[in-house]
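Pasting final.txt here (compact mmCIF, C-alpha atoms):
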# COMPACT_ATOMS: atom_id res chain seq x y z
CA MET O 1 98.02 87.37 37.30
CA GLU O 2 95.89 89.36 39.71
CA CYS O 3 95.89 88.99 43.47
CA LEU O 4 92.81 88.29 45.54
CA PRO O 5 90.61 91.39 45.67
CA GLN O 6 90.59 93.36 48.90
CA ARG O 7 86.87 93.62 49.56
CA LYS O 8 87.14 95.20 52.99
CA SER O 9 89.98 97.22 54.46
CA PRO O 10 91.79 95.34 57.26
CA ARG O 11 92.66 98.69 58.89
CA LEU O 12 90.69 99.91 61.88
CA LYS O 13 88.46 102.82 60.93
CA ASP O 14 89.63 106.15 62.40
CA TYR O 15 92.66 104.56 64.10
CA ASP O 16 95.89 106.53 63.74
CA TYR O 17 98.52 104.06 62.56
CA ALA O 18 101.24 106.60 63.26
CA LEU O 19 100.72 106.12 67.02
CA SER O 20 103.59 104.50 68.89
CA GLY O 21 103.08 100.92 69.99
CA ALA O 22 103.56 97.29 68.96
CA TYR O 23 101.77 95.79 65.97
CA PHE O 24 101.46 92.17 64.89
CA VAL O 25 101.65 92.22 61.11
CA THR O 26 100.83 89.51 58.56
CA VAL O 27 101.78 90.01 54.91
CA CYS O 28 100.67 87.41 52.34
CA ALA O 29 102.05 86.40 48.97
CA CYS O 30 99.87 87.06 45.94
CA GLN O 31 97.05 84.52 45.84
CA ARG O 32 98.75 82.87 48.83
CA GLN O 33 101.18 81.08 46.52
CA CYS O 34 104.09 79.37 48.24
CA LEU O 35 106.72 81.70 46.78
CA PHE O 36 109.19 81.93 49.65
CA GLY O 37 110.23 78.32 50.28
CA ARG O 38 108.79 75.27 51.99
CA ILE O 39 108.41 73.57 55.34
CA VAL O 40 110.57 70.47 55.81
CA ASN O 41 110.50 68.57 59.10
CA GLU O 42 108.62 71.41 60.77
CA GLU O 43 111.25 73.98 59.77
CA MET O 44 111.03 76.69 57.12
CA HIS O 45 113.56 76.40 54.31
CA PHE O 46 113.94 79.59 52.27
CA ASN O 47 114.35 79.65 48.53
CA THR O 48 116.13 82.63 46.95
CA LEU O 49 113.10 84.90 47.09
CA GLY O 50 112.38 83.92 50.68
CA THR O 51 115.94 84.81 51.66
CA LEU O 52 115.53 88.18 49.97
CA VAL O 53 112.26 88.79 51.85
CA ALA O 54 113.92 87.97 55.17
CA ALA O 55 116.88 90.25 54.42
CA HIS O 56 114.61 93.20 53.65
CA LEU O 57 112.46 92.50 56.68
CA VAL O 58 115.41 92.78 59.10
CA ASP O 59 116.45 95.95 57.27
CA ILE O 60 113.26 97.81 58.24
CA PRO O 61 114.76 99.53 61.33
CA GLY O 62 117.72 100.64 59.20
CA HIS O 63 115.38 102.50 56.86
CA PHE O 64 112.99 103.68 59.59
CA PRO O 65 115.05 104.46 62.74
CA SER O 66 111.93 105.02 64.87
CA THR O 67 110.87 101.39 64.32
CA GLU O 68 111.97 98.15 65.97
CA LEU O 69 111.58 94.61 64.68
CA ASP O 70 110.76 92.10 67.40
CA LEU O 71 110.08 88.41 66.60
CA TRP O 72 109.30 87.47 63.01
CA VAL O 73 109.04 84.49 60.70
CA VAL O 74 108.81 84.07 56.94
CA MET O 75 106.55 81.18 55.96
CA PRO O 76 106.04 79.63 52.47
CA ASN O 77 103.29 82.08 51.47
CA HIS O 78 103.20 84.75 54.17
CA LEU O 79 105.18 86.36 56.94
CA HIS O 80 104.46 87.39 60.50
CA ALA O 81 106.31 90.16 62.33
CA ILE O 82 106.01 92.25 65.46
CA ILE O 83 106.85 95.82 64.52
CA VAL O 84 107.21 98.51 67.17
CA LEU O 85 106.75 102.22 66.41
CA HIS O 86 108.61 104.27 69.02
CA GLU O 87 107.56 107.84 68.21
CA ASP O 88 104.05 109.14 67.62
CA GLY O 89 103.67 110.58 64.16
CA SER O 90 107.18 109.78 62.91
CA ILE O 91 106.04 107.10 60.46
CA ARG O 92 102.85 105.25 59.70
CA LEU O 93 102.73 101.44 59.80
CA THR O 94 101.16 101.45 56.33
CA ASP O 95 104.19 103.35 55.00
CA VAL O 96 106.60 100.90 56.63
CA ILE O 97 104.92 97.86 55.10
CA GLY O 98 104.33 99.54 51.75
CA ASN O 99 108.00 100.48 51.47
CA PHE O 100 109.12 97.00 52.53
CA LYS O 101 106.95 95.28 49.91
CA ALA O 102 108.05 97.68 47.18
CA ALA O 103 111.73 97.22 48.08
CA VAL O 104 111.46 93.42 47.87
CA THR O 105 109.72 93.64 44.50
CA ARG O 106 112.33 96.03 43.06
CA ALA O 107 115.23 93.94 44.36
CA TRP O 108 113.75 90.69 43.07
CA ARG O 109 113.01 91.97 39.59
CA GLY O 110 116.48 93.48 39.38
CA SER O 111 118.28 90.41 40.70
CA GLN O 112 117.66 88.03 37.78
CA GLY O 113 117.16 85.32 40.38
CA ARG O 114 120.35 86.10 42.30
CA ILE O 115 120.80 87.90 45.61
CA ASN O 116 123.80 90.00 46.53
CA ASP O 117 126.28 89.20 49.27
CA ASN O 118 124.46 91.49 51.69
CA ALA O 119 121.44 89.16 51.75
CA THR O 120 123.12 85.96 52.93
CA MET O 121 121.63 84.02 55.81
CA ASP O 122 124.82 84.62 57.84
CA GLU O 123 124.22 88.36 57.68
CA ILE O 124 120.52 87.97 58.39
CA ASP O 125 121.35 85.97 61.53
CA HIS O 126 123.94 88.54 62.61
CA ARG O 127 121.66 91.54 62.21
CA ARG O 128 118.54 90.05 63.70
CA GLY O 129 119.99 90.20 67.19
CA GLY O 130 118.66 86.85 68.34
CA ILE O 131 115.24 87.23 66.76
CA TYR O 132 113.79 83.96 65.47
CA ALA O 133 114.47 83.20 61.82
CA ALA O 134 113.99 80.08 59.73
CA ARG O 135 116.67 78.15 57.87
CA THR O 136 117.57 78.12 54.20
CA HIS O 137 117.90 75.07 51.94
CA GLY O 138 119.95 76.91 49.30
CA THR O 139 120.06 74.95 46.05
CA GLU O 140 118.61 71.65 47.25
CA PRO O 141 117.56 69.80 44.07
CA PRO O 142 113.87 69.17 43.39
CA HIS O 143 112.65 65.57 43.54
CA THR O 144 109.92 65.51 40.91
CA ASN O 145 109.03 67.25 37.66
CA GLU O 146 106.31 69.11 39.54
CA ASP O 147 108.86 70.28 42.10
CA LEU O 148 111.19 71.36 39.30
CA ALA O 149 108.48 73.40 37.59
CA ARG O 150 107.46 75.03 40.85
CA THR O 151 111.06 75.81 41.84
CA THR O 152 111.94 77.22 38.43
CA ASP O 153 108.88 79.47 38.52
CA GLN O 154 109.77 80.72 41.99
CA LEU O 155 113.40 81.50 41.22
CA ASN O 156 112.90 83.45 37.98
CA PRO O 157 111.92 87.10 38.44
CA SER O 158 108.93 88.16 36.35
CA PRO O 159 106.19 90.80 36.30
CA THR O 160 104.04 88.40 38.33
CA PRO O 161 103.08 90.16 41.59
CA ILE O 162 104.80 88.92 44.72
CA TRP O 163 102.45 90.40 47.30
CA HIS O 164 98.81 90.46 48.18
CA ARG O 165 97.57 94.01 47.82
CA SER O 166 97.16 94.80 51.52
CA PHE O 167 98.24 93.35 54.88
CA HIS O 168 96.69 92.44 58.21
CA ASP O 169 97.61 93.96 61.55
CA HIS O 170 96.70 93.54 65.19
CA ILE O 171 97.40 96.21 67.78
CA ILE O 172 99.24 94.63 70.72
CA ARG O 173 97.80 96.26 73.81
CA ASN O 174 99.59 94.54 76.71
CA GLU O 175 102.50 92.28 77.67
CA ARG O 176 100.33 89.17 77.90
CA ALA O 177 99.18 89.60 74.32
CA LEU O 178 102.76 90.28 73.23
CA ASN O 179 104.02 87.05 74.78
CA GLN O 180 101.17 85.04 73.23
CA ILE O 181 101.98 86.40 69.78
CA ARG O 182 105.69 85.73 70.25
CA GLN O 183 104.89 82.12 71.07
CA TYR O 184 102.63 81.85 68.01
CA ILE O 185 105.49 83.09 65.81
CA ARG O 186 107.98 80.65 67.33
CA ILE O 187 105.83 77.58 66.69
CA ASN O 188 104.38 78.68 63.35
CA PRO O 189 106.62 76.47 61.15
CA ALA O 190 105.91 73.39 63.28
CA ARG O 191 102.16 73.93 62.84
CA TRP O 192 102.19 74.72 59.14
CA SER O 193 99.72 71.96 58.23
CA GLU O 194 97.21 73.49 60.66
CA ASP O 195 97.84 77.06 59.51
CA HIS O 196 95.04 79.24 58.14
CA TYR O 197 97.30 80.02 55.15
CA PHE O 198 98.40 76.42 54.53
CA ARG O 199 98.84 75.26 50.95
CA ALA O 200 99.99 71.75 50.13
In structure tokens, write the structure found in this file.
Amino acid sequence: MECLPQRKSPRLKDYDYALSGAYFVTVCACQRQCLFGRIVNEEMHFNTLGTLVAAHLVDIPGHFPSTELDLWVVMPNHLHAIIVLHEDGSIRLTDVIGNFKAAVTRAWRGSQGRINDNATMDEIDHRRGGIYAARTHGTEPPHTNEDLARTTDQLNPSPTPIWHRSFHDHIIRNERALNQIRQYIRINPARWSEDHYFRA
């Protein structure tokens, strides 16, 4: 399977993405497939892969000490996060996201569909420091044959790509914009059916 082609770079031409500042980042699943879970009653419920994605997302500051993770949410086929770079030139945003995506892929393909004890939702909640996160449905049984096929496909690691090739970012230039984006992240699960990335 191939992901959607990236016809035009979403990066700003000539902008130095190693500059300190806050960035609103969106990372999509390959072909915008709903690989990370589903929305139930306006709340995100992670499957195993979605839990793994969330665990690696909150780990970003641990791997890159000059970064900070503000509000974030993992949705069925994409994630949003506010990532802050604190030191000019210490790390590029493209390197942060590239390493995050690669780490998730390596962990998933090596997990055989299981996650280790360090990726439980309890630990994610503890380490996020009050940052918004969605809930997990664990091993909730599927209700139809179609659900079963979809769930089985999602929970079995394979060479199928997890991620879209690139990512989108928005440079947050002031506190008003920051607060607007935080609100967007908070209500994202409740507005899933209206979302640009929505898939039934």
Per residue of region 24-104 of chain O within 10 Å of region 182-186 of chain O, record the nearest atom pair and its distance in Å to one decimal, counting all atoms listed in the file, with rows in chain order and ascending residue number, as a Markdown table.
| residue | atom | partner | partner_atom | distance |
| --- | --- | --- | --- | --- |
| O:Phe24 | CA | O:Arg182 | CA | 9.4 |
| O:Asp70 | CA | O:Arg182 | CA | 8.6 |
| O:Leu71 | CA | O:Arg182 | CA | 6.3 |
| O:Trp72 | CA | O:Ile185 | CA | 6.4 |
| O:Val73 | CA | O:Ile185 | CA | 6.4 |
| O:Val74 | CA | O:Ile185 | CA | 9.5 |
| O:Leu79 | CA | O:Ile185 | CA | 9.5 |
| O:His80 | CA | O:Ile185 | CA | 6.9 |
| O:Ala81 | CA | O:Ile185 | CA | 7.9 |
| O:Ile82 | CA | O:Arg182 | CA | 8.1 |
Keeping C-alpha atoms, export the residues of the selection given above as a PDB file, in the frame of the given file.
ATOM      1  CA  PHE O  24     101.460  92.170  64.890  1.00  0.00           C
ATOM      2  CA  ASP O  70     110.760  92.100  67.400  1.00  0.00           C
ATOM      3  CA  LEU O  71     110.080  88.410  66.600  1.00  0.00           C
ATOM      4  CA  TRP O  72     109.300  87.470  63.010  1.00  0.00           C
ATOM      5  CA  VAL O  73     109.040  84.490  60.700  1.00  0.00           C
ATOM      6  CA  VAL O  74     108.810  84.070  56.940  1.00  0.00           C
ATOM      7  CA  LEU O  79     105.180  86.360  56.940  1.00  0.00           C
ATOM      8  CA  HIS O  80     104.460  87.390  60.500  1.00  0.00           C
ATOM      9  CA  ALA O  81     106.310  90.160  62.330  1.00  0.00           C
ATOM     10  CA  ILE O  82     106.010  92.250  65.460  1.00  0.00           C
TER      11      ILE O  82
END
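Closest approach to Tyr197 (chain O) from the set O:Gly50, O:Phe64, O:Asn77, O:Asp59 is made by O:Asn77, with distances taken over all atoms listed in the file.
Pairwise distance (CA of Ala22 (chain O), CA of Arg173 (chain O)) equals 7.6 Å.
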Take CA of Trp163 (chain O) and CA of Lys101 (chain O) and report the distance between them in Å, one decimal. 7.1 Å
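We find CA of Thr67 (chain O) and CA of Glu87 (chain O) to be spaced 8.2 Å apart.
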